[in-house]
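Note sheet for the following structure.
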Amino acid sequence: MIDWRLELRAVKGRAYPRIIGAWREPSWVLFDIFLPLLGIAAFIFYYRSMGAPEVFTGFVVLGGAMTAFWLNVLWSMATQFYWEKETGNLQLYLLAPMSRMSVLAGMALGGMFFTTVRAASTFVLGFFIFGVALQVSNILGLVAVFLITLIALYGMGMMFASLYMLYGRGAYNVSSLAQEPIYLVSGFYFPVKELGFWVAAGASIVPITLGLDAMRQLLFSESSVNPFLPWTIELLINCFLAVFFILLARRSLHYMEYLGKREGRLTLRWQ
Amino acid sequence: MVLAIEAQALTRVFGGKKSKEPLVALDRADLQIEEGELFGLLGPNGAGKTTLIKILATLLLPTSGSVRVLGHDVVTEAQAIRPRINMVSGGETSGYGLLTVKENLWMFSQFYGIPSVEARQRIDDLLTVFELSDKANAKVRTISTGQRQKMNVARGFVTDPDLIFLDEPTLGLDVNASFAIRNYIRQWVKHKGKTVLLTTHYMQEADDLCDRVAVIDHGRILACAEPAKLKRGLQRDVTFTIVTTPFPEAAGVGALPGVKGFVNEFVNDGTELRLVLEEESVIADVVSYITSRQAKVLSLTKTMPTLEDVFIELVGRGLQ
């Protein structure tokens with residue numbers, strides 16, 4: 001039987017260092033808000049010089065803001081167990097009675113909270129600096145798409161985290177390999193449909209692909225967006241992906257822990 | 001007798017796949033530790049101490065054999081064991097440097113579901129005991145190694161476990177800090193009736209603290225008993241050192257009945273006699289012999305085997 005009080009406290013405990021810790025290092029304002037704006041600016045100036053429709057400026061600002069989540073999932077969620085193992089925290093997590101999913105949920109919530117602050121800052125600054133014209137058609141739908149996309153995305157991060165628990169450095173390379181291609185195939189700065197149906201369909205396994213496409217439809221005028229699928233369908237698919245990734249993460253975590261205990265790879269030798 | 005730990009024929013083999021030679025870290029180890037016992041595990045580096053602790057702490061599966069911790073099987077009932085145990089390793093770098101000492105301890109307490117109010121009270125108490133109160137709000141990355149280790153030990157106790165594994169908890173600590181920790185461990189076991197499994201490189205620490213110790217090497221438990229009993233087991237002979245005033249007839253001591261070994265040498269203005277006797281009562285005849293030759297006994301010391309002697313006798317080498 002699940003002890004919910006224990007699990008909720010564990011989630012709170014693990015989310016805490018992410019939320020508090022980040023505020024104590026204000027350098028993120030430079031690295032996570034102002035520097036990404038330079039990257040966004042490059043795309044915007046390029047689009048403008050090519051005479052692309054003005055709505056593309058909004059696409060880039062949105063994509064730039066959502067990049068924070070992708071990077072957070074990739075480097076602070078999926079790879080986290082690798083670092084936790086190196087510092088000796090992992091064995092203390094595994095020693096504790098809480099569910100391992102609570103550790104991951106705490107990491108995800110802490111990461112989501114702080115990354116939302118960063119992403120919102122990027123979005124608001126980009127909005128004012130580049131004069132993005134928004135045409136929000138369904139605010140509730142937008143909130144739902146945003147939240148479900150985050151849950152599905154962090155669920156995917158949880159699933160990858162279980163791999164890092166065991167494979168460490170090897171899995172690290174997978175993250176490096178995934179980072180740039182996902183920018184392209186997920187359509188961070190342009191409508192993903194431009195890549196063709198099958199590429200867009202394949203890229204939809206990464207929840208941010210459909211999430212971005214749905215948000216584009218809900219934030220900008222429908223006629224100029226060229227959506228891949230109707231946003232309601234995309235929302236439903238991401239709901240499915242959220243459940244799928246979280247269940248898979250749970251199963252994978254359980255199996256990887258067993259494998260790690262059997263092979264003696266969960267803890268460092270000196271510990 | 002209620003057992004906190006019961007291991008039978010516990011074996012753990014690492015590797016053995018592909019071209020790697022299998023490493024037998026534990027070799028049919030048998031161990032029984034009673035509840036409320038402060039038990040020491042002594043062994044050189046690579047003896048299998050940490051492997052044994054990791055199996056008992058549910059972090060590693062045994063290759064064969066059976067282990068029960070607090071009445072539960074470590075393989076099939078790990079979840080029932082975890083709320084009741086904790087572990088601290090020497091030189092640990094766990095926690096987050098950006099958090100304060102207090103926040104780190106609170107965070108780990110949450111993983112055991114301890115209500116925050118209760119956790120904060122326990123943390124304050126532990127920080128006082130370990131003289132860390134002035135560092136309570138210091139970020140962990142700013143405190144010294146010794147202070148960090150004291151925080152680690154506090155982390156182990158903040159959950160008030162029924163059984164705690166302390167893997168060289170005083171490693172690298174200064175005398176005062178080690179004393180504070182040893183004292184706390186002793187009181188904790190005495191007053192709360194909890195169980196401690198301690199590994200240490202410091203023989204004196206094991207001798208001072210432990211109700212019983214086991215000596216382990218190459219994954220095998222070579223001996224297991226109270227420290228005094230282990231030392232008595234080694235005590236085949238009685239050894240004395242006597243310093244007297246100048247004593248020309250000293251060589252005659254060697255001929256006395258019951259004197260098995262004898263060495264004499266001149267020291268400063270006197271004579272030092274090192275004697276190995278068959279039994280302790282023989283010393284009376286030796287003293288009579290000395291005084292009857294108009295010499296005076298300046299000092300008389302009985303030397304006892306130490307736990308380190310026991311260890312060397314069993315393992316064949318020192319700890320390092």
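We name chains A, B, ... following the order of the structure tokens; residues begin at 1 in each chain, and ligands are numbered from 1 as shown.
Residues within 8 Å of Ala9 (chain B), counting only C-alpha atoms and excluding same-chain residues fewer than 6 positions away, are Asp27, Arg28, Ala29, Asp30, Ser64, Gly65 and Ser66 of chain B.
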Closest pair table for chain B residues within 7 Å of chain A, only C-alpha atoms, as a Markdown table:
| residue | atom | partner | partner_atom | distance |
| --- | --- | --- | --- | --- |
| B:Ala57 | CA | A:Leu95 | CA | 6.7 |
| B:Thr58 | CA | A:Leu95 | CA | 6.9 |
| B:Leu59 | CA | A:Lys261 | CA | 5.9 |
| B:Leu60 | CA | A:Lys261 | CA | 4.4 |
| B:Leu61 | CA | A:Arg262 | CA | 5.2 |
| B:Gln79 | CA | A:Pro97 | CA | 6.3 |
| B:Arg82 | CA | A:Pro97 | CA | 5.0 |
| B:Pro83 | CA | A:Pro97 | CA | 5.1 |
| B:Ser89 | CA | A:Gln271 | CA | 6.7 |
| B:Glu92 | CA | A:Gly88 | CA | 6.8 |
| B:Thr93 | CA | A:Thr87 | CA | 5.7 |
| B:Ser94 | CA | A:Asn89 | CA | 5.0 |
| B:Gly95 | CA | A:Asn89 | CA | 6.4 |
| B:Leu98 | CA | A:Gly21 | CA | 5.6 |
| B:Leu99 | CA | A:Gly21 | CA | 6.5 |
| B:Met107 | CA | A:Gly13 | CA | 4.7 |
| B:Gln110 | CA | A:Ala10 | CA | 5.1 |
| B:Phe111 | CA | A:Ala10 | CA | 4.5 |
| B:Tyr112 | CA | A:Pro97 | CA | 6.1 |
| B:Gly113 | CA | A:Leu6 | CA | 4.0 |
Put those residues in a file: C-alpha atoms, as a PDB file, in the first residue's frame.
ATOM      1  CA  ALA B  57      21.398  -2.122   3.465  1.00  0.00           C
ATOM      2  CA  THR B  58      19.466  -3.563   0.481  1.00  0.00           C
ATOM      3  CA  LEU B  59      21.723  -1.863  -2.076  1.00  0.00           C
ATOM      4  CA  LEU B  60      23.253  -5.034  -3.444  1.00  0.00           C
ATOM      5  CA  LEU B  61      21.955  -8.541  -4.026  1.00  0.00           C
ATOM      6  CA  GLN B  79      10.806  -2.385   1.389  1.00  0.00           C
ATOM      7  CA  ARG B  82      14.294   0.471   4.494  1.00  0.00           C
ATOM      8  CA  PRO B  83      12.191   2.644   6.823  1.00  0.00           C
ATOM      9  CA  SER B  89      29.980   6.256   5.000  1.00  0.00           C
ATOM     10  CA  GLU B  92      30.727  10.874   1.909  1.00  0.00           C
ATOM     11  CA  THR B  93      29.988  13.823  -0.375  1.00  0.00           C
ATOM     12  CA  SER B  94      26.229  13.442  -0.431  1.00  0.00           C
ATOM     13  CA  GLY B  95      23.767  16.315  -0.298  1.00  0.00           C
ATOM     14  CA  LEU B  98      23.936  25.021  -2.448  1.00  0.00           C
ATOM     15  CA  LEU B  99      21.755  24.001   0.475  1.00  0.00           C
ATOM     16  CA  MET B 107      15.713  17.092   2.790  1.00  0.00           C
ATOM     17  CA  GLN B 110      11.688  13.954   4.049  1.00  0.00           C
ATOM     18  CA  PHE B 111      12.698  10.808   2.188  1.00  0.00           C
ATOM     19  CA  TYR B 112      11.658   8.918   5.318  1.00  0.00           C
ATOM     20  CA  GLY B 113       8.390  10.820   5.652  1.00  0.00           C
TER      21      GLY B 113
END
When DSSP is applied to the backbone of this structure, which of region 115-188 of chain A are assigned helix (DSSP H, G or I)? Write them out as a VMD selection string.
chain A and resid 115 to 130 139 to 167 169 to 185
Write to file, as a PDB file, in the first residue's frame, the residues of the selection just made, with C-alpha atoms.
ATOM      1  CA  THR A 115      12.271  26.398 -15.796  1.00  0.00           C
ATOM      2  CA  THR A 116       8.781  27.882 -16.202  1.00  0.00           C
ATOM      3  CA  VAL A 117      10.058  31.050 -14.549  1.00  0.00           C
ATOM      4  CA  ARG A 118      12.986  31.118 -16.938  1.00  0.00           C
ATOM      5  CA  ALA A 119      10.929  30.258 -20.004  1.00  0.00           C
ATOM      6  CA  ALA A 120       8.306  32.865 -19.127  1.00  0.00           C
ATOM      7  CA  SER A 121      11.044  35.474 -18.701  1.00  0.00           C
ATOM      8  CA  THR A 122      12.449  34.622 -22.128  1.00  0.00           C
ATOM      9  CA  PHE A 123       8.980  34.718 -23.658  1.00  0.00           C
ATOM     10  CA  VAL A 124       7.992  38.052 -22.099  1.00  0.00           C
ATOM     11  CA  LEU A 125      11.292  39.699 -22.986  1.00  0.00           C
ATOM     12  CA  GLY A 126      11.136  38.320 -26.514  1.00  0.00           C
ATOM     13  CA  PHE A 127       7.544  39.469 -26.802  1.00  0.00           C
ATOM     14  CA  PHE A 128       8.449  43.078 -25.975  1.00  0.00           C
ATOM     15  CA  ILE A 129      11.810  43.285 -27.716  1.00  0.00           C
ATOM     16  CA  PHE A 130      10.669  41.773 -31.016  1.00  0.00           C
ATOM     17  CA  ILE A 139      -6.696  30.337 -22.968  1.00  0.00           C
ATOM     18  CA  LEU A 140      -7.849  27.180 -21.129  1.00  0.00           C
ATOM     19  CA  GLY A 141      -6.816  25.044 -24.060  1.00  0.00           C
ATOM     20  CA  LEU A 142      -3.426  26.765 -24.052  1.00  0.00           C
ATOM     21  CA  VAL A 143      -2.892  26.109 -20.349  1.00  0.00           C
ATOM     22  CA  ALA A 144      -3.960  22.470 -20.779  1.00  0.00           C
ATOM     23  CA  VAL A 145      -1.637  21.956 -23.742  1.00  0.00           C
ATOM     24  CA  PHE A 146       1.256  23.587 -21.886  1.00  0.00           C
ATOM     25  CA  LEU A 147       0.793  21.518 -18.714  1.00  0.00           C
ATOM     26  CA  ILE A 148       0.210  18.210 -20.497  1.00  0.00           C
ATOM     27  CA  THR A 149       3.211  18.839 -22.707  1.00  0.00           C
ATOM     28  CA  LEU A 150       5.358  19.431 -19.638  1.00  0.00           C
ATOM     29  CA  ILE A 151       4.066  16.306 -17.886  1.00  0.00           C
ATOM     30  CA  ALA A 152       4.684  14.180 -20.961  1.00  0.00           C
ATOM     31  CA  LEU A 153       8.093  15.745 -21.533  1.00  0.00           C
ATOM     32  CA  TYR A 154       9.219  15.247 -17.943  1.00  0.00           C
ATOM     33  CA  GLY A 155       7.740  11.743 -18.027  1.00  0.00           C
ATOM     34  CA  MET A 156      10.092  11.058 -20.908  1.00  0.00           C
ATOM     35  CA  GLY A 157      12.911  12.537 -18.834  1.00  0.00           C
ATOM     36  CA  MET A 158      12.009  10.158 -15.992  1.00  0.00           C
ATOM     37  CA  MET A 159      12.194   7.233 -18.332  1.00  0.00           C
ATOM     38  CA  PHE A 160      15.653   8.279 -19.536  1.00  0.00           C
ATOM     39  CA  ALA A 161      16.757   8.868 -15.939  1.00  0.00           C
ATOM     40  CA  SER A 162      16.321   5.176 -15.182  1.00  0.00           C
ATOM     41  CA  LEU A 163      18.765   4.361 -17.974  1.00  0.00           C
ATOM     42  CA  TYR A 164      21.321   6.768 -16.547  1.00  0.00           C
ATOM     43  CA  MET A 165      21.030   5.081 -13.175  1.00  0.00           C
ATOM     44  CA  LEU A 166      22.768   2.089 -14.657  1.00  0.00           C
ATOM     45  CA  TYR A 167      24.583   3.141 -17.803  1.00  0.00           C
ATOM     46  CA  ARG A 169      28.516   7.836 -19.008  1.00  0.00           C
ATOM     47  CA  GLY A 170      27.278   5.770 -21.944  1.00  0.00           C
ATOM     48  CA  ALA A 171      23.781   7.174 -21.671  1.00  0.00           C
ATOM     49  CA  TYR A 172      25.289  10.638 -21.355  1.00  0.00           C
ATOM     50  CA  ASN A 173      26.395  10.445 -24.972  1.00  0.00           C
ATOM     51  CA  VAL A 174      22.824   9.681 -26.021  1.00  0.00           C
ATOM     52  CA  SER A 175      21.722  13.014 -24.556  1.00  0.00           C
ATOM     53  CA  SER A 176      24.455  14.834 -26.444  1.00  0.00           C
ATOM     54  CA  LEU A 177      23.348  13.123 -29.640  1.00  0.00           C
ATOM     55  CA  ALA A 178      19.665  13.892 -29.021  1.00  0.00           C
ATOM     56  CA  GLN A 179      19.983  17.583 -28.230  1.00  0.00           C
ATOM     57  CA  GLU A 180      20.516  19.203 -31.648  1.00  0.00           C
ATOM     58  CA  PRO A 181      18.503  16.834 -33.895  1.00  0.00           C
ATOM     59  CA  ILE A 182      15.438  17.324 -31.705  1.00  0.00           C
ATOM     60  CA  TYR A 183      15.641  21.089 -32.260  1.00  0.00           C
ATOM     61  CA  LEU A 184      15.271  20.378 -35.940  1.00  0.00           C
ATOM     62  CA  VAL A 185      12.748  17.571 -36.109  1.00  0.00           C
TER      63      VAL A 185
END
I'd like the neighbourhood of region 47-56 of chain B as a PyMOL selection string, where a residue qualifies if any of its atoms comes within 7 Å (using only C-alpha atoms), though same-chain residues fewer than 3 positions away should be ignored.
chain B and resi 25-26+41+43-44+59-62+69+74+165+216-219
Of the candidates B:Ile242, B:Thr271, B:Val282, B:Ile5, which shows the shortest atom-to-atom distance to Thr301 (chain B), using only C-alpha atoms?
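Of B:Ile242, B:Thr271, B:Val282, B:Ile5, the one nearest Thr301 (chain B) is B:Ile242, counting only C-alpha atoms.
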Just the residues within 7 Å of region 205-213 of chain B, please, counting only C-alpha atoms, with nothing from its chain fewer than 4 positions along; format it as an mmCIF file with C-alpha atoms, in the first residue's frame.
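Now in part-v8.cif:
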data_model
loop_
_atom_site.group_PDB
_atom_site.id
_atom_site.type_symbol
_atom_site.label_atom_id
_atom_site.label_comp_id
_atom_site.auth_asym_id
_atom_site.auth_seq_id
_atom_site.Cartn_x
_atom_site.Cartn_y
_atom_site.Cartn_z
ATOM 1 C CA GLU B 37 24.241 -4.505 20.017
ATOM 2 C CA LEU B 38 27.090 -2.262 18.940
ATOM 3 C CA PHE B 39 28.908 -4.538 16.565
ATOM 4 C CA GLY B 40 32.268 -3.853 14.921
ATOM 5 C CA LEU B 41 33.518 -5.184 11.633
ATOM 6 C CA ARG B 186 27.593 4.852 22.615
ATOM 7 C CA THR B 200 36.475 1.201 11.349
ATOM 8 C CA CYS B 224 33.715 -13.042 16.027
ATOM 9 C CA ALA B 225 33.550 -12.335 19.767
ATOM 10 C CA GLU B 226 33.807 -9.647 22.446
ATOM 11 C CA PRO B 227 37.055 -7.657 22.081
ATOM 12 C CA LEU B 307 42.920 -5.806 19.400
#
Give me the residues of region 221-256 of chain A that have any atom at most 10 Å from an atom of region 194-201 of chain A; for each, the nearest atom pair and the distance in Å, rounded to one decimal. Use only C-alpha atoms, sort by chain and number, and format it as a tab-separated table.
residue	atom	partner	partner_atom	distance
A:Asn226	CA	A:Glu194	CA	8.5
A:Pro227	CA	A:Glu194	CA	9.4
A:Phe228	CA	A:Ala200	CA	7.5
A:Leu229	CA	A:Ala201	CA	9.8
Contacts of Lys102 (chain B) at 9 Å or less, counting only C-alpha atoms, minus same-chain residues fewer than 6 places along, as a list in words?
Arg120, Ile123, Asp124, Leu127, Lys135, Ala136, Asn137, Ala138, Lys139 and Met151 of chain B
May I have the selected residues written with N, CA and C atoms, as an mmCIF file, in the first residue's frame?
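Output saved as result_19.cif:
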data_model
loop_
_atom_site.group_PDB
_atom_site.id
_atom_site.type_symbol
_atom_site.label_atom_id
_atom_site.label_comp_id
_atom_site.auth_asym_id
_atom_site.auth_seq_id
_atom_site.Cartn_x
_atom_site.Cartn_y
_atom_site.Cartn_z
ATOM 1 N N ARG B 120 12.833 19.082 12.194
ATOM 2 C CA ARG B 120 13.614 20.274 12.565
ATOM 3 C C ARG B 120 14.081 20.192 14.018
ATOM 4 N N ILE B 123 16.926 17.767 14.072
ATOM 5 C CA ILE B 123 18.109 18.369 13.446
ATOM 6 C C ILE B 123 18.793 19.323 14.426
ATOM 7 N N ASP B 124 18.007 20.142 15.093
ATOM 8 C CA ASP B 124 18.583 21.075 16.076
ATOM 9 C C ASP B 124 19.323 20.313 17.174
ATOM 10 N N LEU B 127 22.562 18.817 15.716
ATOM 11 C CA LEU B 127 23.573 19.840 15.444
ATOM 12 C C LEU B 127 24.221 20.311 16.746
ATOM 13 N N LYS B 135 26.983 26.294 12.348
ATOM 14 C CA LYS B 135 27.064 26.090 10.898
ATOM 15 C C LYS B 135 25.712 25.683 10.311
ATOM 16 N N ALA B 136 24.685 25.721 11.126
ATOM 17 C CA ALA B 136 23.367 25.242 10.682
ATOM 18 C C ALA B 136 22.909 25.925 9.402
ATOM 19 N N ASN B 137 23.187 27.210 9.290
ATOM 20 C CA ASN B 137 22.716 27.952 8.114
ATOM 21 C C ASN B 137 23.822 28.240 7.103
ATOM 22 N N ALA B 138 24.940 27.528 7.264
ATOM 23 C CA ALA B 138 26.031 27.689 6.286
ATOM 24 C C ALA B 138 25.792 26.732 5.124
ATOM 25 N N LYS B 139 26.081 27.201 3.927
ATOM 26 C CA LYS B 139 25.944 26.303 2.771
ATOM 27 C C LYS B 139 26.967 25.175 2.905
ATOM 28 N N MET B 151 28.034 16.321 9.637
ATOM 29 C CA MET B 151 26.685 16.467 9.068
ATOM 30 C C MET B 151 26.191 15.117 8.521
#
